[in-house]
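Trainee: PDB, C-alpha atoms, file data_36.pdb:
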ATOM      1  CA  GLN A   1      29.579 -75.669   0.555
ATOM      2  CA  VAL A   2      27.728 -74.601   3.683
ATOM      3  CA  GLN A   3      25.903 -71.288   3.494
ATOM      4  CA  LEU A   4      23.821 -69.359   5.979
ATOM      5  CA  VAL A   5      21.917 -66.467   4.440
ATOM      6  CA  GLU A   6      20.109 -63.949   6.622
ATOM      7  CA  SER A   7      17.213 -61.746   5.599
ATOM      8  CA  GLY A   8      14.661 -59.479   7.218
ATOM      9  CA  GLY A   9      16.857 -56.730   8.591
ATOM     10  CA  GLY A  10      16.053 -53.070   8.132
ATOM     11  CA  LEU A  11      15.214 -49.770   9.763
ATOM     12  CA  VAL A  12      12.523 -49.680  12.416
ATOM     13  CA  GLN A  13      11.412 -47.176  15.041
ATOM     14  CA  ASP A  14      11.877 -47.595  18.763
ATOM     15  CA  GLY A  15       9.276 -50.122  19.967
ATOM     16  CA  GLY A  16       8.845 -51.702  16.565
ATOM     17  CA  SER A  17       9.265 -55.291  15.429
ATOM     18  CA  LEU A  18      11.290 -57.222  12.884
ATOM     19  CA  ARG A  19      11.582 -60.880  11.999
ATOM     20  CA  LEU A  20      14.923 -62.197  10.849
ATOM     21  CA  SER A  21      15.186 -65.364   8.815
ATOM     22  CA  CYS A  22      18.193 -67.543   8.080
ATOM     23  CA  ALA A  23      18.268 -70.085   5.291
ATOM     24  CA  ALA A  24      20.876 -72.820   5.602
ATOM     25  CA  SER A  25      22.176 -74.867   2.712
ATOM     26  CA  GLY A  26      24.977 -77.280   2.029
ATOM     27  CA  ARG A  27      24.176 -79.571   4.943
ATOM     28  CA  THR A  28      21.399 -80.232   7.384
ATOM     29  CA  PHE A  29      21.544 -78.677  10.837
ATOM     30  CA  SER A  30      18.696 -80.698  12.277
ATOM     31  CA  SER A  31      21.034 -82.344  14.817
ATOM     32  CA  THR A  32      22.872 -79.252  16.055
ATOM     33  CA  ALA A  33      22.132 -75.911  17.618
ATOM     34  CA  MET A  34      21.318 -72.814  15.601
ATOM     35  CA  GLY A  35      21.338 -69.282  16.864
ATOM     36  CA  TRP A  36      21.871 -65.580  16.438
ATOM     37  CA  PHE A  37      24.673 -63.208  17.369
ATOM     38  CA  ARG A  38      25.023 -59.477  16.817
ATOM     39  CA  GLN A  39      27.754 -56.887  16.553
ATOM     40  CA  ALA A  40      27.272 -53.181  17.099
ATOM     41  CA  PRO A  41      29.749 -50.602  15.732
ATOM     42  CA  GLY A  42      32.879 -50.527  17.820
ATOM     43  CA  LYS A  43      31.818 -53.490  19.921
ATOM     44  CA  GLU A  44      32.577 -57.184  19.994
ATOM     45  CA  ARG A  45      30.180 -59.710  18.584
ATOM     46  CA  GLU A  46      27.774 -60.915  21.270
ATOM     47  CA  PHE A  47      25.485 -63.867  21.704
ATOM     48  CA  VAL A  48      21.766 -63.175  21.286
ATOM     49  CA  ALA A  49      19.843 -66.456  21.215
ATOM     50  CA  ALA A  50      20.246 -70.166  20.529
ATOM     51  CA  MET A  51      17.952 -73.125  20.105
ATOM     52  CA  GLY A  52      18.727 -76.826  20.328
ATOM     53  CA  TRP A  53      18.156 -79.252  17.488
ATOM     54  CA  SER A  54      14.709 -80.322  18.689
ATOM     55  CA  GLY A  55      13.601 -76.847  19.676
ATOM     56  CA  GLY A  56      13.295 -77.974  23.262
ATOM     57  CA  SER A  57      16.068 -75.811  24.705
ATOM     58  CA  THR A  58      16.485 -72.112  24.181
ATOM     59  CA  TYR A  59      18.912 -69.571  25.547
ATOM     60  CA  TYR A  60      18.804 -65.771  25.362
ATOM     61  CA  ARG A  61      21.031 -62.971  26.483
ATOM     62  CA  ALA A  62      19.433 -61.195  29.404
ATOM     63  CA  SER A  63      18.773 -57.932  27.609
ATOM     64  CA  VAL A  64      16.529 -59.557  24.974
ATOM     65  CA  LYS A  65      14.595 -62.021  27.128
ATOM     66  CA  GLY A  66      10.880 -61.447  26.830
ATOM     67  CA  ARG A  67      11.322 -59.395  23.659
ATOM     68  CA  PHE A  68      13.037 -61.771  21.221
ATOM     69  CA  THR A  69      11.927 -65.275  20.272
ATOM     70  CA  ILE A  70      14.018 -67.791  18.384
ATOM     71  CA  SER A  71      12.416 -70.578  16.386
ATOM     72  CA  ARG A  72      13.476 -73.081  13.769
ATOM     73  CA  ASP A  73      12.025 -75.276  11.049
ATOM     74  CA  ASN A  74      14.274 -78.303  10.559
ATOM     75  CA  ALA A  75      12.319 -79.477   7.520
ATOM     76  CA  LYS A  76      13.195 -76.215   5.767
ATOM     77  CA  ASN A  77      16.650 -75.835   7.347
ATOM     78  CA  MET A  78      15.620 -72.407   8.615
ATOM     79  CA  VAL A  79      16.006 -70.461  11.825
ATOM     80  CA  TYR A  80      14.146 -67.284  12.767
ATOM     81  CA  LEU A  81      14.410 -64.469  15.254
ATOM     82  CA  GLN A  82      11.257 -62.537  16.079
ATOM     83  CA  MET A  83      12.254 -59.229  17.634
ATOM     84  CA  ASN A  84       9.614 -57.162  19.400
ATOM     85  CA  SER A  85       9.798 -53.971  21.437
ATOM     86  CA  LEU A  86      13.019 -53.061  19.703
ATOM     87  CA  LYS A  87      15.278 -50.471  21.301
ATOM     88  CA  PRO A  88      18.017 -48.285  19.821
ATOM     89  CA  GLU A  89      20.576 -50.375  21.697
ATOM     90  CA  ASP A  90      19.504 -53.386  19.614
ATOM     91  CA  THR A  91      21.030 -51.714  16.572
ATOM     92  CA  ALA A  92      23.668 -54.038  15.153
ATOM     93  CA  VAL A  93      24.537 -56.433  12.394
ATOM     94  CA  TYR A  94      22.809 -59.694  13.211
ATOM     95  CA  TYR A  95      24.501 -62.964  12.285
ATOM     96  CA  CYS A  96      22.961 -66.378  11.901
ATOM     97  CA  ALA A  97      25.050 -69.143  13.434
ATOM     98  CA  ALA A  98      24.970 -72.916  13.394
ATOM     99  CA  GLY A  99      26.699 -75.691  15.217
ATOM    100  CA  GLY A 100      28.653 -78.484  13.642
ATOM    101  CA  SER A 101      31.561 -80.512  14.957
ATOM    102  CA  SER A 102      32.664 -78.125  17.724
ATOM    103  CA  ILE A 103      29.396 -76.632  18.936
ATOM    104  CA  ILE A 104      26.572 -79.118  19.246
ATOM    105  CA  THR A 105      24.121 -77.891  21.845
ATOM    106  CA  ALA A 106      22.414 -74.577  22.410
ATOM    107  CA  GLN A 107      23.982 -74.415  25.840
ATOM    108  CA  GLU A 108      27.448 -74.704  24.304
ATOM    109  CA  MET A 109      26.660 -71.950  21.837
ATOM    110  CA  ALA A 110      25.342 -69.694  24.618
ATOM    111  CA  LEU A 111      28.181 -70.350  27.087
ATOM    112  CA  LYS A 112      31.114 -70.477  24.650
ATOM    113  CA  LYS A 113      29.620 -67.802  22.384
ATOM    114  CA  LEU A 114      30.931 -69.714  19.397
ATOM    115  CA  ALA A 115      29.580 -71.436  16.323
ATOM    116  CA  ASP A 116      30.937 -73.593  13.553
ATOM    117  CA  TYR A 117      29.207 -71.736  10.733
ATOM    118  CA  TRP A 118      28.313 -68.085  10.256
ATOM    119  CA  GLY A 119      26.186 -66.052   7.916
ATOM    120  CA  GLN A 120      27.234 -62.757   6.356
ATOM    121  CA  GLY A 121      24.942 -60.700   8.564
ATOM    122  CA  THR A 122      21.951 -58.421   8.154
ATOM    123  CA  GLN A 123      21.747 -54.868   9.453
ATOM    124  CA  VAL A 124      19.117 -53.951  12.028
ATOM    125  CA  THR A 125      18.773 -50.265  12.847
ATOM    126  CA  VAL A 126      16.385 -49.006  15.520
ATOM    127  CA  SER A 127      15.776 -45.280  15.479
ATOM    128  CA  SER A 128      14.799 -43.330  18.570
TER     129      SER A 128
END
Kindly return the structure encoded in the file as structure tokens.
Mentor:
Amino acid sequence: QVQLVESGGGLVQDGGSLRLSCAASGRTFSSTAMGWFRQAPGKEREFVAAMGWSGGSTYYRASVKGRFTISRDNAKNMVYLQMNSLKPEDTAVYYCAAGGSSIITAQEMALKKLADYWGQGTQVTVSS
């Protein structure tokens, strides 16, 4: 059974930093994209960042470019999201996502805003 488990969420002040981690189990994702999405209250889930299997390609939504950094460790089946200069509008539940049979590349994940596997989410709250 495939599982994606996020950790690292919490409450932080405007301008602060958090690092989200996602541990994958049940299969290896070393040949597919992994990424992050988020959903704020009353809003649709939106794409945040994705990284290709080799780490060579990355995609970010415009509003987080320069502030967020995605990384992965294929040996550990982990993906991370370093979030700096956090703003209140970053407040959301953040979901780890991974490709599989439908979504292979980071570009696909970014453009289609889809994934084959999802975590349960971790809350990030940025106070002003």
Trainee: Have a look at A:Ser25, A:Arg19, A:Val2, A:Ser128 and name the one nearest to Ala75 in chain A; count all atoms listed in the file.
Mentor: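 Residue with the minimum atom-to-atom distance to Ala75 in chain A: A:Ser25.
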Trainee: Rank A:Ala110, A:Val5, A:Leu11, A:Ala24 by their smallest atom-to-atom distance to Ser127 in chain A, using all atoms listed in the file, and report the top residue only.
Mentor: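 For Ser127 in chain A, the nearest of the given residues is A:Leu11.
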Trainee: Which neighbours of Ala49 in chain A fall inside 9 Å, counting only C-alpha atoms, when residues of the same chain fewer than 3 positions from it are skipped, and could you give them as a PyMOL selection string?
Mentor: chain A and resi 34-37+58-61+64+68-70+81+106+109-110
Trainee: Please evaluate the PyMOL selection byres ((chain A and resi 124) around 12) against the structure above and give the resulting residues as an MDAnalysis selection string.
Mentor: chainID A and resid 6:14 16:20 38:41 81 83 86:95 121:123 125:127
Trainee: Next, write the just-selected residues to a file, as a compact mmCIF listing (two decimals), in the coordinates of the input, keeping C-alpha atoms as the atom set.
Mentor:
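That gives us selection_24.txt:
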# COMPACT_ATOMS: atom_id res chain seq x y z
CA GLU A 6 20.11 -63.95 6.62
CA SER A 7 17.21 -61.75 5.60
CA GLY A 8 14.66 -59.48 7.22
CA GLY A 9 16.86 -56.73 8.59
CA GLY A 10 16.05 -53.07 8.13
CA LEU A 11 15.21 -49.77 9.76
CA VAL A 12 12.52 -49.68 12.42
CA GLN A 13 11.41 -47.18 15.04
CA ASP A 14 11.88 -47.60 18.76
CA GLY A 16 8.85 -51.70 16.57
CA SER A 17 9.26 -55.29 15.43
CA LEU A 18 11.29 -57.22 12.88
CA ARG A 19 11.58 -60.88 12.00
CA LEU A 20 14.92 -62.20 10.85
CA ARG A 38 25.02 -59.48 16.82
CA GLN A 39 27.75 -56.89 16.55
CA ALA A 40 27.27 -53.18 17.10
CA PRO A 41 29.75 -50.60 15.73
CA LEU A 81 14.41 -64.47 15.25
CA MET A 83 12.25 -59.23 17.63
CA LEU A 86 13.02 -53.06 19.70
CA LYS A 87 15.28 -50.47 21.30
CA PRO A 88 18.02 -48.28 19.82
CA GLU A 89 20.58 -50.38 21.70
CA ASP A 90 19.50 -53.39 19.61
CA THR A 91 21.03 -51.71 16.57
CA ALA A 92 23.67 -54.04 15.15
CA VAL A 93 24.54 -56.43 12.39
CA TYR A 94 22.81 -59.69 13.21
CA TYR A 95 24.50 -62.96 12.28
CA GLY A 121 24.94 -60.70 8.56
CA THR A 122 21.95 -58.42 8.15
CA GLN A 123 21.75 -54.87 9.45
CA THR A 125 18.77 -50.26 12.85
CA VAL A 126 16.39 -49.01 15.52
CA SER A 127 15.78 -45.28 15.48
Trainee: Report as a PDB file with C-alpha atoms, in the frame of the given file all protein, DNA and RNA residues lying within 7 Å of Thr32 in chain A, evaluated on all atoms listed in the file, omitting residues in the same chain fewer than 5 positions from it.
Mentor:
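Writing done, so here's around.pdb:
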ATOM      1  CA  GLY A  52      18.727 -76.826  20.328  1.00  0.00           C
ATOM      2  CA  TRP A  53      18.156 -79.252  17.488  1.00  0.00           C
ATOM      3  CA  GLY A  99      26.699 -75.691  15.217  1.00  0.00           C
ATOM      4  CA  GLY A 100      28.653 -78.484  13.642  1.00  0.00           C
ATOM      5  CA  ILE A 104      26.572 -79.118  19.246  1.00  0.00           C
ATOM      6  CA  THR A 105      24.121 -77.891  21.845  1.00  0.00           C
TER       7      THR A 105
END
Trainee: Quick one: apply the PyMOL selection byres ((chain A and resi 76) around 12) to the file and drop the selected residues here as a list in words.
Mentor: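 When the PyMOL selection byres ((chain A and resi 76) around 12) is applied, the selected residues are Ser21, Cys22, Ala23, Ala24, Ser25, Arg27, Thr28, Phe29, Ser30, Arg72, Asp73, Asn74, Ala75, Asn77, Met78, Val79 and Tyr80 of chain A.
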Trainee: Could you tell me which of A:Gln3, A:Ala33, A:Met51, A:Gly15 comes closest to Ser102 in chain A if we count all atoms listed in the file?
Mentor: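 That would be A:Ala33, the residue with the smallest distance to Ser102 in chain A.
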